[in-house]
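K.L.:
This is the content of input.txt (compact mmCIF, C-alpha atoms):
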```txt
# COMPACT_ATOMS: atom_id res chain seq x y z
CA MET A 1 65.66 106.59 78.21
CA LYS A 2 67.48 103.96 76.16
CA LEU A 3 69.53 106.58 74.29
CA LYS A 4 70.52 108.27 77.55
CA ALA A 5 71.80 104.96 78.87
CA LEU A 6 74.11 104.34 75.93
CA PRO A 7 77.07 106.47 77.16
CA PHE A 8 77.00 104.73 80.53
CA LEU A 9 76.85 101.27 78.97
CA LEU A 10 79.69 102.13 76.59
CA ALA A 11 81.89 103.35 79.44
CA LEU A 12 81.12 100.20 81.42
CA PHE A 13 82.00 98.04 78.41
CA LEU A 14 85.31 99.82 77.80
CA THR A 15 86.30 99.55 81.46
CA ALA A 16 85.55 95.85 81.47
CA GLN A 17 87.49 95.34 78.24
CA THR A 18 90.54 97.17 79.65
CA SER A 19 90.53 94.92 82.71
CA VAL A 20 89.97 91.72 80.73
CA PHE A 21 92.70 92.61 78.23
CA ALA A 22 95.21 93.10 81.01
CA GLN A 23 94.27 89.82 82.67
CA ASN A 24 94.44 87.84 79.40
CA ASP A 25 97.93 89.22 78.79
CA ALA A 26 99.16 88.38 82.29
CA LYS A 27 102.71 87.03 82.57
CA ASN A 28 105.29 86.20 85.20
CA TRP A 29 108.99 87.00 84.99
CA TYR A 30 110.10 83.38 84.86
CA PHE A 31 113.34 81.95 83.45
CA VAL A 32 115.81 79.15 84.10
CA SER A 33 119.17 80.25 85.52
CA LYS A 34 122.26 78.72 83.89
CA LYS A 35 124.28 78.34 87.14
CA ASP A 36 127.52 78.25 85.16
CA GLY A 37 128.38 81.94 84.91
CA SER A 38 126.64 82.44 81.56
CA ARG A 39 123.76 84.79 80.80
CA PRO A 40 120.27 83.22 81.09
CA GLN A 41 117.62 83.36 78.40
CA LEU A 42 115.13 85.88 79.80
CA PRO A 43 111.50 86.36 78.73
CA ALA A 44 111.04 88.43 75.58
CA LEU A 45 110.60 92.10 76.44
CA SER A 46 110.66 95.25 74.35
CA SER A 47 113.76 97.27 75.20
CA GLU A 48 111.54 100.35 75.10
CA LEU A 49 109.55 99.09 78.07
CA GLY A 50 112.26 97.64 80.30
CA THR A 51 114.93 95.03 80.83
CA GLY A 52 116.13 92.36 83.20
CA ILE A 53 119.77 92.32 82.21
CA GLY A 54 122.62 94.73 81.54
CA LYS A 55 125.63 94.90 79.27
CA ASP A 56 127.39 91.71 78.24
CA GLU A 57 130.48 92.60 80.22
CA LYS A 58 131.72 92.10 83.78
CA VAL A 59 129.34 94.56 85.38
CA LEU A 60 126.73 93.95 88.09
CA TYR A 61 123.67 95.95 89.11
CA LEU A 62 122.55 95.62 92.74
CA THR A 63 118.83 96.11 93.39
CA PHE A 64 116.83 95.61 96.59
CA ASP A 65 113.07 95.21 97.08
CA ALA A 66 112.37 96.89 100.42
CA GLY A 67 108.76 96.65 101.53
CA TYR A 68 109.49 97.20 105.22
CA GLU A 69 112.31 97.48 107.76
CA ASN A 70 113.26 94.92 110.41
CA GLY A 71 116.68 96.33 111.26
CA ASN A 72 118.42 94.66 108.33
CA VAL A 73 117.63 97.25 105.68
CA GLU A 74 119.63 99.96 107.42
CA LYS A 75 122.49 97.50 107.94
CA THR A 76 122.38 96.80 104.20
CA VAL A 77 122.55 100.51 103.42
CA ASP A 78 125.57 100.92 105.72
CA ILE A 79 127.41 97.99 104.11
CA LEU A 80 126.83 99.35 100.62
CA LYS A 81 128.11 102.76 101.71
CA GLU A 82 131.20 101.20 103.29
CA LYS A 83 131.93 99.20 100.13
CA GLU A 84 131.27 102.23 97.93
CA VAL A 85 129.03 100.43 95.46
CA PRO A 86 125.86 101.86 93.86
CA ALA A 87 122.45 100.29 94.45
CA CYS A 88 118.77 100.89 93.86
CA PHE A 89 116.03 100.30 96.46
CA PHE A 90 112.50 99.62 95.18
CA VAL A 91 110.09 100.68 97.92
CA LEU A 92 106.39 100.81 98.78
CA SER A 93 104.33 103.59 100.34
CA HIS A 94 104.57 101.83 103.71
CA THR A 95 108.37 101.96 103.56
CA VAL A 96 108.34 105.69 102.96
CA ARG A 97 105.70 106.52 105.56
CA ALA A 98 107.03 104.31 108.34
CA PHE A 99 110.77 104.85 107.78
CA PRO A 100 111.35 108.36 106.36
CA ASP A 101 114.74 108.66 108.07
CA LEU A 102 115.90 105.46 106.41
CA ILE A 103 114.78 106.73 103.00
CA ALA A 104 116.63 109.98 103.66
CA LYS A 105 119.74 107.99 104.59
CA MET A 106 119.56 106.03 101.33
CA ARG A 107 119.47 109.25 99.39
CA SER A 108 122.19 110.95 101.44
CA PHE A 109 124.48 108.01 100.62
CA GLY A 110 123.74 108.40 96.92
CA PHE A 111 121.53 105.35 96.41
CA SER A 112 118.52 105.40 94.07
CA VAL A 113 115.03 104.98 95.51
CA ALA A 114 112.53 103.73 92.95
CA ASN A 115 108.91 102.69 92.49
CA HIS A 116 107.58 99.27 93.54
CA THR A 117 103.93 100.50 93.62
CA SER A 118 102.06 101.91 96.55
CA THR A 119 100.51 98.72 97.93
CA HIS A 120 102.26 95.82 96.14
CA LYS A 121 99.37 94.87 93.85
CA ASN A 122 99.66 92.64 90.79
CA ILE A 123 99.69 95.18 87.97
CA ALA A 124 98.73 92.59 85.33
CA HIS A 125 95.19 92.60 86.75
CA LEU A 126 94.80 96.37 87.08
CA THR A 127 93.33 98.92 84.69
CA LYS A 128 95.40 101.84 83.44
CA GLU A 129 93.75 104.07 86.01
CA GLU A 130 94.50 101.65 88.85
CA ILE A 131 98.14 101.34 87.81
CA ALA A 132 98.46 105.10 87.71
CA LYS A 133 96.97 105.30 91.21
CA GLU A 134 99.50 102.76 92.52
CA ILE A 135 102.44 104.60 91.00
CA HIS A 136 101.31 108.15 91.70
CA GLY A 137 100.32 107.24 95.26
CA LEU A 138 103.88 106.22 96.07
CA GLU A 139 105.29 109.23 94.20
CA ALA A 140 103.23 111.56 96.38
CA GLU A 141 104.38 109.86 99.60
CA TYR A 142 108.00 110.01 98.49
CA GLU A 143 107.91 113.64 97.39
CA LYS A 144 106.20 114.62 100.64
CA ALA A 145 108.90 112.86 102.67
CA THR A 146 111.95 113.92 100.67
CA GLY A 147 111.03 116.96 98.61
CA GLU A 148 112.37 115.27 95.48
CA LYS A 149 111.17 113.00 92.68
CA MET A 150 111.73 109.26 92.67
CA ALA A 151 114.30 107.62 90.43
CA PRO A 152 112.57 106.74 87.12
CA TYR A 153 112.71 102.97 87.58
CA PHE A 154 109.86 100.57 88.29
CA ARG A 155 109.73 96.95 89.46
CA PRO A 156 106.44 95.03 89.24
CA PRO A 157 105.48 93.31 92.50
CA GLU A 158 106.20 89.57 92.38
CA GLY A 159 107.44 89.91 88.80
CA ALA A 160 103.83 89.87 87.55
CA TYR A 161 103.09 91.99 84.51
CA SER A 162 101.46 92.31 81.12
CA ASP A 163 102.63 94.13 78.01
CA ALA A 164 99.70 96.51 78.37
CA ALA A 165 100.63 97.24 81.99
CA LEU A 166 104.26 97.94 81.12
CA LYS A 167 103.17 100.31 78.37
CA THR A 168 101.15 102.19 80.97
CA VAL A 169 104.17 102.26 83.28
CA LYS A 170 106.26 103.74 80.47
CA GLU A 171 103.60 106.37 79.77
CA LEU A 172 103.84 107.34 83.44
CA GLY A 173 107.56 108.02 83.01
CA TYR A 174 109.17 104.81 84.28
CA PHE A 175 111.56 102.22 82.85
CA THR A 176 110.78 98.74 84.18
CA VAL A 177 113.68 96.81 85.70
CA PHE A 178 113.26 93.09 86.29
CA TRP A 179 116.26 90.88 87.20
CA SER A 180 118.48 88.05 85.96
CA VAL A 181 119.75 86.84 89.36
CA ALA A 182 117.68 86.09 92.47
CA TYR A 183 117.44 83.37 95.09
CA ALA A 184 115.16 82.31 97.96
CA ASP A 185 116.06 85.02 100.48
CA TRP A 186 112.65 86.55 101.23
CA ASP A 187 111.32 84.23 103.96
CA ASN A 188 112.70 85.46 107.28
CA ALA A 189 111.62 82.23 108.97
CA LYS A 190 113.49 80.10 106.45
CA GLN A 191 116.83 81.77 105.78
CA PRO A 192 119.61 79.87 103.96
CA SER A 193 122.98 79.58 105.63
CA PRO A 194 125.57 82.21 104.66
CA ASP A 195 127.79 79.60 103.00
CA ASP A 196 124.92 78.19 100.94
CA ALA A 197 123.78 81.67 99.94
CA LEU A 198 127.25 82.70 98.78
CA ARG A 199 127.68 79.51 96.78
CA THR A 200 124.27 80.01 95.16
CA LEU A 201 124.90 83.62 94.20
CA GLU A 202 128.36 82.89 92.81
CA LYS A 203 126.86 80.21 90.56
CA LEU A 204 124.09 82.52 89.36
CA VAL A 205 126.16 85.66 88.69
CA HIS A 206 126.98 86.41 85.07
CA PRO A 207 128.12 89.39 82.98
CA GLY A 208 125.51 92.14 83.10
CA ALA A 209 123.54 90.57 85.95
CA VAL A 210 120.73 92.60 87.51
CA ILE A 211 120.70 91.15 91.01
CA LEU A 212 117.51 91.15 93.08
CA LEU A 213 118.00 90.84 96.84
CA HIS A 214 115.71 91.46 99.80
CA PRO A 215 117.42 93.74 102.35
CA THR A 216 115.25 92.37 105.16
CA SER A 217 117.15 89.07 104.87
CA GLU A 218 119.44 88.31 107.81
CA THR A 219 121.56 86.10 105.59
CA ASN A 220 122.05 88.84 103.02
CA VAL A 221 123.33 91.18 105.71
CA LYS A 222 125.85 88.54 106.76
CA ILE A 223 127.14 87.86 103.23
CA LEU A 224 126.79 91.17 101.38
CA ALA A 225 130.26 92.56 102.11
CA GLU A 226 131.93 89.24 101.31
CA PHE A 227 129.88 88.85 98.13
CA ILE A 228 130.92 92.30 96.93
CA ASP A 229 134.58 91.58 97.69
CA ARG A 230 134.46 88.26 95.85
CA MET A 231 132.85 89.81 92.81
CA LYS A 232 135.43 92.58 92.65
CA LYS A 233 138.21 90.02 93.00
CA ALA A 234 136.65 88.11 90.10
CA GLY A 235 136.95 91.22 87.94
CA TYR A 236 133.42 92.58 88.19
CA ARG A 237 132.48 96.21 88.75
CA PHE A 238 129.19 97.52 90.15
CA ALA A 239 127.11 100.10 88.29
CA GLY A 240 123.93 102.12 88.79
CA LEU A 241 120.74 101.49 86.82
CA GLU A 242 121.33 104.57 84.69
CA GLU A 243 123.70 102.39 82.66
CA LEU A 244 120.75 100.27 81.62
```
I need this file expressed as structure tokens, please.

P.N.:
Amino acid sequence: MKLKALPFLLALFLTAQTSVFAQNDAKNWYFVSKKDGSRPQLPALSSELGTGIGKDEKVLYLTFDAGYENGNVEKTVDILKEKEVPACFFVLSHTVRAFPDLIAKMRSFGFSVANHTSTHKNIAHLTKEEIAKEIHGLEAEYEKATGEKMAPYFRPPEGAYSDAALKTVKELGYFTVFWSVAYADWDNAKQPSPDDALRTLEKLVHPGAVILLHPTSETNVKILAEFIDRMKKAGYRFAGLEEL
């Protein structure tokens, strides 16, 4: 009886070790912005696993974390189309299931739609199998809705990660994209004024900036066109994540 129990106990031990290893390696994508137009010092990250910044030249990468739609996401898509700039939307399963027409519109306008997990879980505390379930679950929803594969980019929910988790993400075929510019735009009940938001973003922008915005933000909808115009006037161009 004892010998028969050994395989089960070994499997239980290995599962526990996988989970504990991921938790002990848990990190957050935290850095201090320079606010003077220079590139910030980002957390150390293997270039094989991902990045949070682009080329050291006057190029910007627009990315949007879209977990749901409140009317502002579609407005954001329309503004980007009008301004003819590339962008990538990181979505959840809910976004795809509840708003398939919006996802189709993103794709018809040439924007990338990428993986933000199925249910917005902290991947640093998941096993390899659980991470795969989160990523594949969204893939399946997206392929069912669009008939195509997702763009091969991944953004960890809340910027939480571990080296082990990112290695798993890479094994699943994704390149992780963090960010080097973001501001407090996510709380719909506490939106900054358009003037304050523009001033903040202009201070944070730097060569090669990967910009994280939330398209549900009312303020972002109000300032996006102006922000794009100002950046172009300042000599910046906008590029897709494939340049990363």

K.L.:
Of the candidates A:Leu204, A:Arg155, A:Asn220, A:Ser162, which one gets nearest to Thr51 (chain A) if we count all atoms listed in the file?

P.N.:
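Ranking A:Leu204, A:Arg155, A:Asn220, A:Ser162 by distance to Thr51 (chain A), first place goes to A:Arg155.
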
K.L.:
Could you give me, as a Markdown table, a per-residue list for region 97-143 of chain A showing, wherever an atom lies at most 7 Å from an atom of region 71-87 of chain A, the closest pair of atoms and their distance in Å to one decimal, using only C-alpha atoms and sorting by chain then residue number from low to high?

P.N.:
```
| residue | atom | partner | partner_atom | distance |
| --- | --- | --- | --- | --- |
| A:Leu102 | CA | A:Glu74 | CA | 6.7 |
| A:Met106 | CA | A:Val77 | CA | 6.6 |
| A:Phe109 | CA | A:Lys81 | CA | 6.5 |
| A:Phe111 | CA | A:Ala87 | CA | 5.5 |
| A:Ser112 | CA | A:Ala87 | CA | 6.5 |
```

K.L.:
Counting all atoms listed in the file, which of A:Tyr161, A:Trp179, A:Phe238, A:Trp186 gets nearest to Arg39 (chain A)?

P.N.:
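Of all the options, A:Trp179 lies closest to Arg39 (chain A).
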
K.L.:
Could you tell me how far CA of Asp25 (chain A) sits from CA of Phe89 (chain A), in Å to one decimal place?

P.N.:
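Answer for the CA of Phe89 (chain A) to CA of Asp25 (chain A) separation: 27.6 Å.
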
K.L.:
Determine the nearest neighbour of Lys203 (chain A) from the options A:Ala164, A:Val32, A:Leu224, A:Val181, counting only C-alpha atoms.

P.N.:
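Between A:Ala164, A:Val32, A:Leu224, A:Val181, the residue approaching Lys203 (chain A) most closely is A:Val181.
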
K.L.:
At what distance in Å, to one decimal, does CA of Glu158 (chain A) lie from CA of Lys133 (chain A)?

P.N.:
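Separation between CA of Lys133 (chain A) and CA of Glu158 (chain A): 18.3 Å.
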
K.L.:
I'd like the neighbourhood of Ala151 (chain A) as a VMD selection string, where a residue qualifies if any of its atoms comes within 8 Å (using all atoms listed in the file), though same-chain residues fewer than 4 positions away should be ignored.

P.N.:
chain A and resid 112 to 115

K.L.:
Rank nothing, just name the residue among A:Ser33, A:Ser47, A:Asn70, A:Asn28 nearest to Lys167 (chain A), using all atoms listed in the file.

P.N.:
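Closest to Lys167 (chain A) of all the choices is A:Ser47.
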
K.L.:
Rank A:Val221, A:Glu243, A:Tyr183, A:Lys170 by their smallest atom-to-atom distance to Leu49 (chain A), using only C-alpha atoms, and report the top residue only.

P.N.:
A:Lys170

K.L.:
Choose the residue, out of A:Tyr142, A:Tyr68, A:Phe31, A:Tyr236, that has the smallest atom-to-atom separation from His206 (chain A); count all atoms listed in the file.

P.N.:
A:Tyr236

K.L.:
Which value, in Å to one decimal, gives the distance between CA of Thr216 (chain A) and CA of Ala124 (chain A)?

P.N.:
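Between CA of Thr216 (chain A) and CA of Ala124 (chain A) the gap works out to 25.8 Å.
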
K.L.:
Excluding region 92-98 of chain A and any residue of its chain fewer than 5 positions from it, enumerate the residues within 10 Å of it, using all atoms listed in the file, and give them as a list in words.

P.N.:
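So the residues in contact are Asp65, Ala66, Gly67, Tyr68, Glu69, Ile103, Ala104, Ala114, Asn115, His116, Thr117, Ser118, Thr119, His120, Glu134, Ile135, Gly137, Leu138, Glu139, Ala140, Glu141, Tyr142, Glu143, Lys144, Ala145, Thr146 and Pro157 of chain A.
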
K.L.:
Using only C-alpha atoms, which residues sit within 8 Å of Leu62 (chain A) once same-chain residues fewer than 6 positions away are excluded, as an MDAnalysis selection string?

P.N.:
chainID A and resid 86:88 210:213 238:240

K.L.:
Report as a ChimeraX atom specification all protein, DNA and RNA residues lying within 10 Å of Leu45 (chain A), evaluated on all atoms listed in the file, omitting residues in the same chain fewer than 6 positions from it.

P.N.:
/A:51-52,163,166

K.L.:
Quick one: residues within 9 Å of (125.3, 86.3, 105.0) (file frame), counting all atoms listed in the file, please, as number ranges by chain.

P.N.:
A: 192-195, 197-198, 217-227

K.L.:
Which polymer residues, whether protein, DNA or RNA, lie within 6 Å of the coordinate (98.7, 101.3, 84.9) when you count only C-alpha atoms? List them as a PyMOL selection string, using the chain letters and numbers from the file.

P.N.:
chain A and resi 127-132+165+168-169

K.L.:
For Ala234 (chain A), find every residue with an atom within 12 Å (counting only C-alpha atoms), except residues of its own chain fewer than 6 positions away, and show them as an mmCIF file with C-alpha atoms, in the coordinates of the input.

P.N.:
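The result, written out as part.cif:
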```cif
data_model
loop_
_atom_site.group_PDB
_atom_site.id
_atom_site.type_symbol
_atom_site.label_atom_id
_atom_site.label_comp_id
_atom_site.auth_asym_id
_atom_site.auth_seq_id
_atom_site.Cartn_x
_atom_site.Cartn_y
_atom_site.Cartn_z
ATOM 1 C CA GLY A 37 128.380 81.940 84.910
ATOM 2 C CA LYS A 58 131.720 92.100 83.780
ATOM 3 C CA VAL A 59 129.340 94.560 85.380
ATOM 4 C CA LEU A 60 126.730 93.950 88.090
ATOM 5 C CA GLU A 202 128.360 82.890 92.810
ATOM 6 C CA VAL A 205 126.160 85.660 88.690
ATOM 7 C CA HIS A 206 126.980 86.410 85.070
ATOM 8 C CA PRO A 207 128.120 89.390 82.980
ATOM 9 C CA PHE A 227 129.880 88.850 98.130
ATOM 10 C CA ILE A 228 130.920 92.300 96.930
#
```
